[in-house]
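**Q** Quick one, upload-v2.txt (compact mmCIF, C-alpha atoms and all ligand atoms):
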# COMPACT_ATOMS: atom_id res chain seq x y z
CA MET A 1 88.08 85.90 84.31
CA ILE A 2 87.19 89.05 86.22
CA VAL A 3 83.46 89.68 86.47
CA VAL A 4 82.02 92.96 87.73
CA GLU A 5 78.28 92.87 88.45
CA ASN A 6 76.15 95.93 89.16
CA LEU A 7 79.00 97.61 90.96
CA ASN A 8 78.35 100.86 92.82
CA HIS A 9 80.89 102.71 94.89
CA THR A 10 80.12 105.70 97.06
CA TYR A 11 82.74 107.65 98.96
CA ALA A 12 81.43 109.20 102.14
CA GLY A 13 83.03 112.33 103.56
CA THR A 14 83.07 113.41 107.19
CA ALA A 15 80.69 116.34 106.66
CA GLY A 16 77.92 114.10 105.37
CA TRP A 17 78.62 114.57 101.65
CA THR A 18 78.93 111.56 99.34
CA VAL A 19 80.41 110.96 95.89
CA ALA A 20 78.90 108.28 93.67
CA ALA A 21 82.19 107.19 92.07
CA LEU A 22 80.80 104.05 90.37
CA GLN A 23 77.20 103.48 89.32
CA GLY A 24 75.89 100.18 87.98
CA VAL A 25 79.09 98.99 86.33
CA ASN A 26 78.94 95.59 84.61
CA LEU A 27 81.86 94.07 82.75
CA THR A 28 83.79 90.89 82.12
CA ILE A 29 87.50 90.62 81.46
CA LYS A 30 88.76 87.34 80.05
CA LYS A 31 92.18 85.89 80.67
CA GLY A 32 94.67 86.92 78.02
CA GLU A 33 92.91 90.13 77.01
CA PHE A 34 94.61 93.51 76.68
CA ILE A 35 92.02 95.96 77.99
CA GLY A 36 92.25 99.73 77.92
CA ILE A 37 90.23 102.00 80.20
CA ALA A 38 89.76 105.64 79.28
CA GLY A 39 87.70 108.50 80.67
CA ARG A 40 88.16 111.99 81.99
CA ASN A 41 89.47 112.81 85.46
CA GLY A 42 87.09 111.78 88.19
CA SER A 43 85.14 109.33 86.01
CA GLY A 44 85.83 106.43 88.38
CA LYS A 45 88.71 104.63 86.65
CA SER A 46 90.97 104.36 89.71
CA THR A 47 88.06 103.35 91.92
CA LEU A 48 87.21 100.57 89.46
CA ALA A 49 90.87 99.47 89.32
CA LYS A 50 90.99 99.15 93.10
CA HIS A 51 87.97 96.86 93.01
CA PHE A 52 89.80 94.46 90.70
CA ASN A 53 92.18 93.42 93.47
CA ALA A 54 90.08 94.04 96.57
CA LEU A 55 91.82 97.26 97.62
CA LEU A 56 88.20 98.40 97.66
CA VAL A 57 85.28 96.02 98.11
CA PRO A 58 81.59 96.54 97.36
CA ALA A 59 79.45 97.60 100.30
CA SER A 60 76.43 95.43 100.97
CA GLY A 61 73.86 95.70 98.18
CA ASN A 62 76.34 97.42 95.83
CA GLY A 63 77.17 94.57 93.52
CA ARG A 64 80.08 92.19 93.43
CA VAL A 65 83.44 91.52 91.82
CA LEU A 66 84.60 87.98 91.10
CA VAL A 67 88.21 87.14 90.26
CA ASP A 68 88.33 83.62 88.84
CA GLY A 69 85.20 82.99 90.88
CA LEU A 70 86.66 84.44 94.10
CA ASP A 71 84.42 87.12 95.61
CA THR A 72 86.38 90.23 96.70
CA ARG A 73 83.95 90.66 99.62
CA ASP A 74 85.13 87.36 101.11
CA PRO A 75 87.96 88.20 103.56
CA ARG A 76 89.36 84.68 103.15
CA ALA A 77 89.78 85.24 99.40
CA VAL A 78 91.57 88.60 99.56
CA TRP A 79 95.09 87.18 99.89
CA GLU A 80 94.58 84.91 96.86
CA ILE A 81 92.98 87.73 94.86
CA ARG A 82 95.89 90.10 95.56
CA GLN A 83 98.29 87.48 94.21
CA ARG A 84 96.27 86.94 91.08
CA VAL A 85 95.77 90.63 90.34
CA GLY A 86 98.91 92.78 90.41
CA MET A 87 98.69 96.57 90.57
CA VAL A 88 101.03 99.22 89.20
CA PHE A 89 100.40 102.90 89.89
CA ALA A 90 101.49 106.14 88.24
CA ASN A 91 104.44 107.08 90.38
CA PRO A 92 107.26 104.51 90.39
CA ASP A 93 109.01 106.35 93.24
CA ASN A 94 106.11 105.52 95.56
CA GLN A 95 106.24 101.84 94.66
CA ILE A 96 109.92 101.14 95.06
CA VAL A 97 110.63 100.06 98.62
CA ALA A 98 114.23 98.78 98.66
CA PRO A 99 117.64 100.37 97.91
CA VAL A 100 118.65 97.65 95.42
CA VAL A 101 116.59 96.46 92.45
CA GLU A 102 116.68 92.75 93.32
CA GLU A 103 115.60 93.40 96.91
CA ASP A 104 112.77 95.53 95.69
CA ILE A 105 111.46 92.82 93.38
CA ALA A 106 111.96 90.15 96.07
CA PHE A 107 109.87 92.09 98.59
CA GLY A 108 106.48 90.67 97.53
CA PRO A 109 107.51 87.01 97.24
CA GLU A 110 109.39 87.29 100.57
CA ASN A 111 106.17 88.38 102.22
CA LEU A 112 104.47 85.36 100.68
CA GLY A 113 107.07 83.12 102.31
CA VAL A 114 108.48 81.90 99.00
CA PRO A 115 111.74 79.95 99.57
CA SER A 116 114.88 81.96 98.79
CA ALA A 117 116.05 79.84 95.84
CA GLU A 118 112.70 80.35 94.18
CA ILE A 119 112.78 84.06 94.99
CA ARG A 120 116.06 84.35 93.08
CA GLU A 121 114.45 82.61 90.09
CA ARG A 122 111.42 84.85 90.26
CA VAL A 123 113.54 88.02 90.45
CA ASP A 124 115.69 86.98 87.48
CA LYS A 125 112.67 85.98 85.41
CA ALA A 126 110.74 89.16 86.24
CA LEU A 127 113.71 91.32 85.22
CA ASN A 128 113.93 89.37 81.97
CA GLN A 129 110.23 89.87 81.36
CA VAL A 130 110.59 93.66 81.59
CA GLY A 131 113.73 93.75 79.46
CA MET A 132 116.06 94.51 82.38
CA ALA A 133 118.08 91.31 82.69
CA GLY A 134 121.32 91.95 84.55
CA CYS A 135 120.01 94.94 86.51
CA GLN A 136 119.71 93.03 89.81
CA LYS A 137 122.29 95.15 91.65
CA ARG A 138 121.29 98.53 90.26
CA VAL A 139 120.14 101.32 92.56
CA PRO A 140 116.50 102.16 91.78
CA HIS A 141 116.72 105.91 92.37
CA LEU A 142 119.51 106.18 89.79
CA LEU A 143 117.40 104.58 87.05
CA SER A 144 115.42 106.46 84.41
CA GLY A 145 111.66 106.87 84.91
CA GLY A 146 110.91 104.16 82.35
CA GLN A 147 113.36 101.78 84.02
CA LYS A 148 111.90 102.50 87.47
CA GLN A 149 108.41 101.80 86.23
CA ARG A 150 109.65 98.55 84.67
CA VAL A 151 111.15 97.60 88.05
CA ALA A 152 107.73 98.28 89.60
CA ILE A 153 106.15 96.03 86.94
CA ALA A 154 108.78 93.36 87.66
CA GLY A 155 107.86 93.58 91.35
CA ALA A 156 104.26 92.88 90.46
CA LEU A 157 105.27 90.04 88.10
CA ALA A 158 107.34 88.36 90.81
CA MET A 159 104.04 87.58 92.51
CA ARG A 160 103.14 85.57 89.38
CA PRO A 161 99.85 87.37 88.74
CA ASP A 162 97.37 86.35 86.05
CA TYR A 163 96.14 89.93 85.72
CA LEU A 164 98.13 93.14 85.75
CA VAL A 165 96.22 96.37 86.40
CA LEU A 166 98.14 99.55 85.58
CA ASP A 167 96.66 102.89 86.65
CA GLU A 168 98.19 105.57 84.41
CA PRO A 169 101.61 103.91 84.52
CA THR A 170 103.12 106.22 81.90
CA SER A 171 101.71 109.52 83.12
CA MET A 172 104.94 110.56 84.85
CA LEU A 173 107.29 109.30 82.13
CA ASP A 174 108.97 111.00 79.19
CA PRO A 175 108.17 109.70 75.67
CA ALA A 176 111.07 107.22 75.73
CA GLY A 177 109.98 105.84 79.11
CA ARG A 178 106.41 105.56 77.90
CA GLN A 179 107.51 103.54 74.90
CA GLU A 180 109.58 101.22 77.07
CA VAL A 181 106.64 100.54 79.34
CA MET A 182 104.20 100.03 76.45
CA GLN A 183 106.56 97.65 74.70
CA THR A 184 106.93 95.71 77.96
CA LEU A 185 103.15 95.45 78.34
CA ARG A 186 102.67 94.30 74.75
CA GLN A 187 105.28 91.59 75.17
CA LEU A 188 103.90 90.42 78.51
CA ASN A 189 100.49 90.07 76.92
CA ALA A 190 101.52 88.52 73.60
CA GLU A 191 104.32 86.25 74.77
CA GLN A 192 103.47 85.40 78.37
CA GLY A 193 99.70 85.60 78.20
CA VAL A 194 99.44 88.08 81.10
CA THR A 195 96.06 89.80 81.08
CA ILE A 196 96.66 93.56 80.94
CA ILE A 197 94.22 96.20 82.17
CA LEU A 198 95.67 99.58 81.26
CA ILE A 199 94.20 102.88 82.42
CA THR A 200 95.65 105.73 80.44
CA HIS A 201 95.06 109.23 79.14
CA HIS A 202 97.23 108.66 76.10
CA MET A 203 95.06 107.90 73.07
CA GLU A 204 97.99 106.43 71.15
CA GLU A 205 98.40 103.80 73.88
CA LEU A 206 94.75 102.83 73.58
CA VAL A 207 94.85 102.28 69.83
CA GLU A 208 96.48 98.89 70.24
CA VAL A 209 94.34 97.34 72.98
CA ASP A 210 91.97 94.43 72.26
CA ARG A 211 89.05 96.12 73.93
CA LEU A 212 88.51 99.65 75.13
CA LEU A 213 86.22 100.64 78.00
CA VAL A 214 85.20 104.26 78.45
CA MET A 215 84.08 105.58 81.83
CA ASP A 216 82.06 108.75 82.34
CA ARG A 217 80.77 110.01 85.69
CA GLY A 218 80.97 106.60 87.31
CA ARG A 219 79.37 104.71 84.48
CA LEU A 220 80.77 102.44 81.80
CA VAL A 221 79.49 104.30 78.75
CA ARG A 222 81.28 102.61 75.85
CA GLU A 223 82.93 99.30 75.17
CA GLY A 224 84.41 97.84 72.01
CA THR A 225 87.48 97.64 69.83
CA PRO A 226 89.43 100.91 69.64
CA ALA A 227 88.20 101.37 66.05
CA GLU A 228 84.58 101.01 67.16
CA VAL A 229 84.96 103.31 70.14
CA PHE A 230 86.98 106.04 68.44
CA GLN A 231 84.42 106.19 65.67
P1 LIG B 1 89.56 108.71 87.96
O1 LIG B 1 90.60 107.71 88.33
O2 LIG B 1 88.79 108.38 86.72
O3 LIG B 1 90.13 110.10 87.91
P2 LIG B 1 88.53 108.25 90.64
O4 LIG B 1 88.08 106.85 90.73
O5 LIG B 1 89.84 108.60 91.23
O6 LIG B 1 88.45 108.72 89.10
O7 LIG B 1 87.45 109.21 91.32
C1 LIG B 1 86.05 109.08 91.04
C2 LIG B 1 85.33 110.08 91.94
O8 LIG B 1 85.48 109.69 93.29
C3 LIG B 1 85.86 111.51 91.85
O9 LIG B 1 84.75 112.38 91.99
C4 LIG B 1 86.78 111.62 93.01
O10 LIG B 1 86.88 112.94 93.47
C5 LIG B 1 86.12 110.73 94.04
N1 LIG B 1 87.10 110.10 94.95
C6 LIG B 1 88.12 109.31 94.60
N2 LIG B 1 88.79 108.86 95.67
C7 LIG B 1 88.14 109.37 96.76
C8 LIG B 1 88.34 109.27 98.16
N3 LIG B 1 89.33 108.55 98.69
N4 LIG B 1 87.48 109.95 98.97
C9 LIG B 1 86.46 110.68 98.45
N5 LIG B 1 86.23 110.81 97.13
C10 LIG B 1 87.05 110.18 96.28
MG MG B 2 92.66 107.88 88.51
Kindly present the structure from the file in structure tokens form.
**A**
Amino acid sequence: MIVVENLNHTYAGTAGWTVAALQGVNLTIKKGEFIGIAGRNGSGKSTLAKHFNALLVPASGNGRVLVDGLDTRDPRAVWEIRQRVGMVFANPDNQIVAPVVEEDIAFGPENLGVPSAEIRERVDKALNQVGMAGCQKRVPHLLSGGQKQRVAIAGALAMRPDYLVLDEPTSMLDPAGRQEVMQTLRQLNAEQGVTIILITHHMEELVEVDRLLVMDRGRLVREGTPAEVFQ
């Protein structure tokens, strides 16, 4: 479970200005849920996403975020939290780090010190999970956008996360690529029980989530099933 309590986030600029990006956000995400997050540009969605895996942490007095009971403000918990909560961003080209697909997916587990036999298993399984079995030796930059984004998702899955946070993962993809990614997310959630937190601008992608959260000017302003929220 991810619990967000009274979370505020303020960005401070050099010239003394500040932006209140999150204001009093409270929410709970249970394991196995498929959550959608919507809201206009600048409403705080990406800032919230970064709090889920301790890329950002609450300043003192600005609330707290607990991932399976681990507090993101605790430096000793950050490593564990980052393994539990995988992140995928909009641009797959910025997330692919190696010249061969299997090396790219192995990068995370290698940094964890996972033994090489297990890394091979993890790479093969992750490629299976994203519908790209057999693509181990492919060259990432020659893949389609949808395939690249699925390689990025496989890289996150190789860390064996319980939660996968995707910040506008389809925004740079063509309709076919978007469908591939959405189908992958649905399967991961339904068949593997991976908790999905999907930030997107595409209404049609939000129709199928279990629960939809709507952000506006740093606040969580609506929460419910898509039918409830769209009404
Ligand atoms: P969204 O993802 O919904 O577009 P963000 O979380 O990116 O919203 O941004 C929320 C607010 O915080 C916006 O006003 C944005 O300009 C500001 N912001 C985001 N990142 C930074 C940053 N690194 N420094 C200063 N302000 C930022
Ligand atoms: Mg954003």
**Q** With 8 Å on each side, where is the centre of the axis-aligned box around all listed atoms of segment 108-127 of chain A, and how long are its edges in Å to one decimal, as lines of an AutoDock Vina configuration file?
**A**
center_x = 110.3
center_y = 85.6
center_z = 93.8
size_x = 27.6
size_y = 27.5
size_z = 33.1
**Q** Ligand LIG 1 (chain B): which residues are within 9 Å, counting all atoms listed in the file? Reply as a ChimeraX atom specification.
**A** /A:9-13,18-22,38-50,167-168,199,215-218
**Q** What is the distance between atom CA of Ile35 of chain A and atom CA of Arg211 of chain A, in Å to one decimal?
**A**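 Separation between atom CA of Ile35 of chain A and atom CA of Arg211 of chain A: 5.0 Å.
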**Q** Give me the residues near Glu180 of chain A as a ChimeraX atom specification, where near means some atom within 12 Å (using all atoms listed in the file) and where sequence neighbours in that chain fewer than 3 positions away do not count.
**A** /A:130-132,144-151,153,169-170,173-177,183-187,205
**Q** With distances taken over all atoms listed in the file, which of A:Asn111, A:Asn189, A:Thr195, A:Asn94 is nearest to Val165 of chain A?
**A**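 Closest residue, counting all atoms listed in the file: A:Thr195.
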**Q** Nearest residue to His202 of chain A out of A:Gly36, A:Gly224, A:Gly108, A:Gly63, using all atoms listed in the file?
**A**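 Nearest to His202 of chain A: A:Gly36.
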**Q** If you count only C-alpha atoms, which residues fall within 9 Å of Gly86 of chain A, apart from same-chain ones fewer than 3 positions away, as number ranges by chain?
**A** A: 53, 81-83, 153, 156-157, 159-166
**Q** Tell me which of A:Gly134, A:Pro99, A:Gly155, A:Gly24 sits closest to Arg122 of chain A, counting all atoms listed in the file.
**A**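 When distances to Arg122 of chain A are compared using all atoms listed in the file, the smallest one comes from A:Gly155.
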**Q** Which residue out of A:Ile37, A:Val114, A:Ala90, A:Cys135 has the minimum interatomic distance to Val181 of chain A when all atoms listed in the file are used?
**A**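 Once distances to Val181 of chain A are computed over all atoms listed in the file, the minimum belongs to A:Ala90.
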**Q** Between A:Ile2, A:Leu198, A:Val139, A:Val78, which one has atoms that come closest to ligand MG 2 (chain B), using all atoms listed in the file?
**A**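 Between A:Ile2, A:Leu198, A:Val139, A:Val78, the residue approaching ligand MG 2 (chain B) most closely is A:Leu198.
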**Q** Residues around (100.9, 106.1, 71.8), cut-off 10 Å, counting all atoms listed in the file - what are they as a PyMOL selection string?
**A** chain A and resi 175+178-179+182+201-208
**Q** Record the distance separating atom CA of Pro140 of chain A and atom CA of Val101 of chain A, expressed in Å with one decimal.
**A**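 Going from atom CA of Pro140 of chain A over to atom CA of Val101 of chain A covers 5.7 Å.
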**Q** Rounded to one decimal in Å, what is the spacing between atom CA of Thr28 of chain A and atom CA of Met1 of chain A?
**A**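 Calculated distance between atom CA of Thr28 of chain A and atom CA of Met1 of chain A is 6.9 Å.
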**Q** Would you please work out which residue, of A:Ala54, A:Leu142, A:Ile96, A:Ile105, is nearest to Val67 of chain A when using only C-alpha atoms?
**A**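 Ranked by minimum distance to Val67 of chain A, first place goes to A:Ala54.
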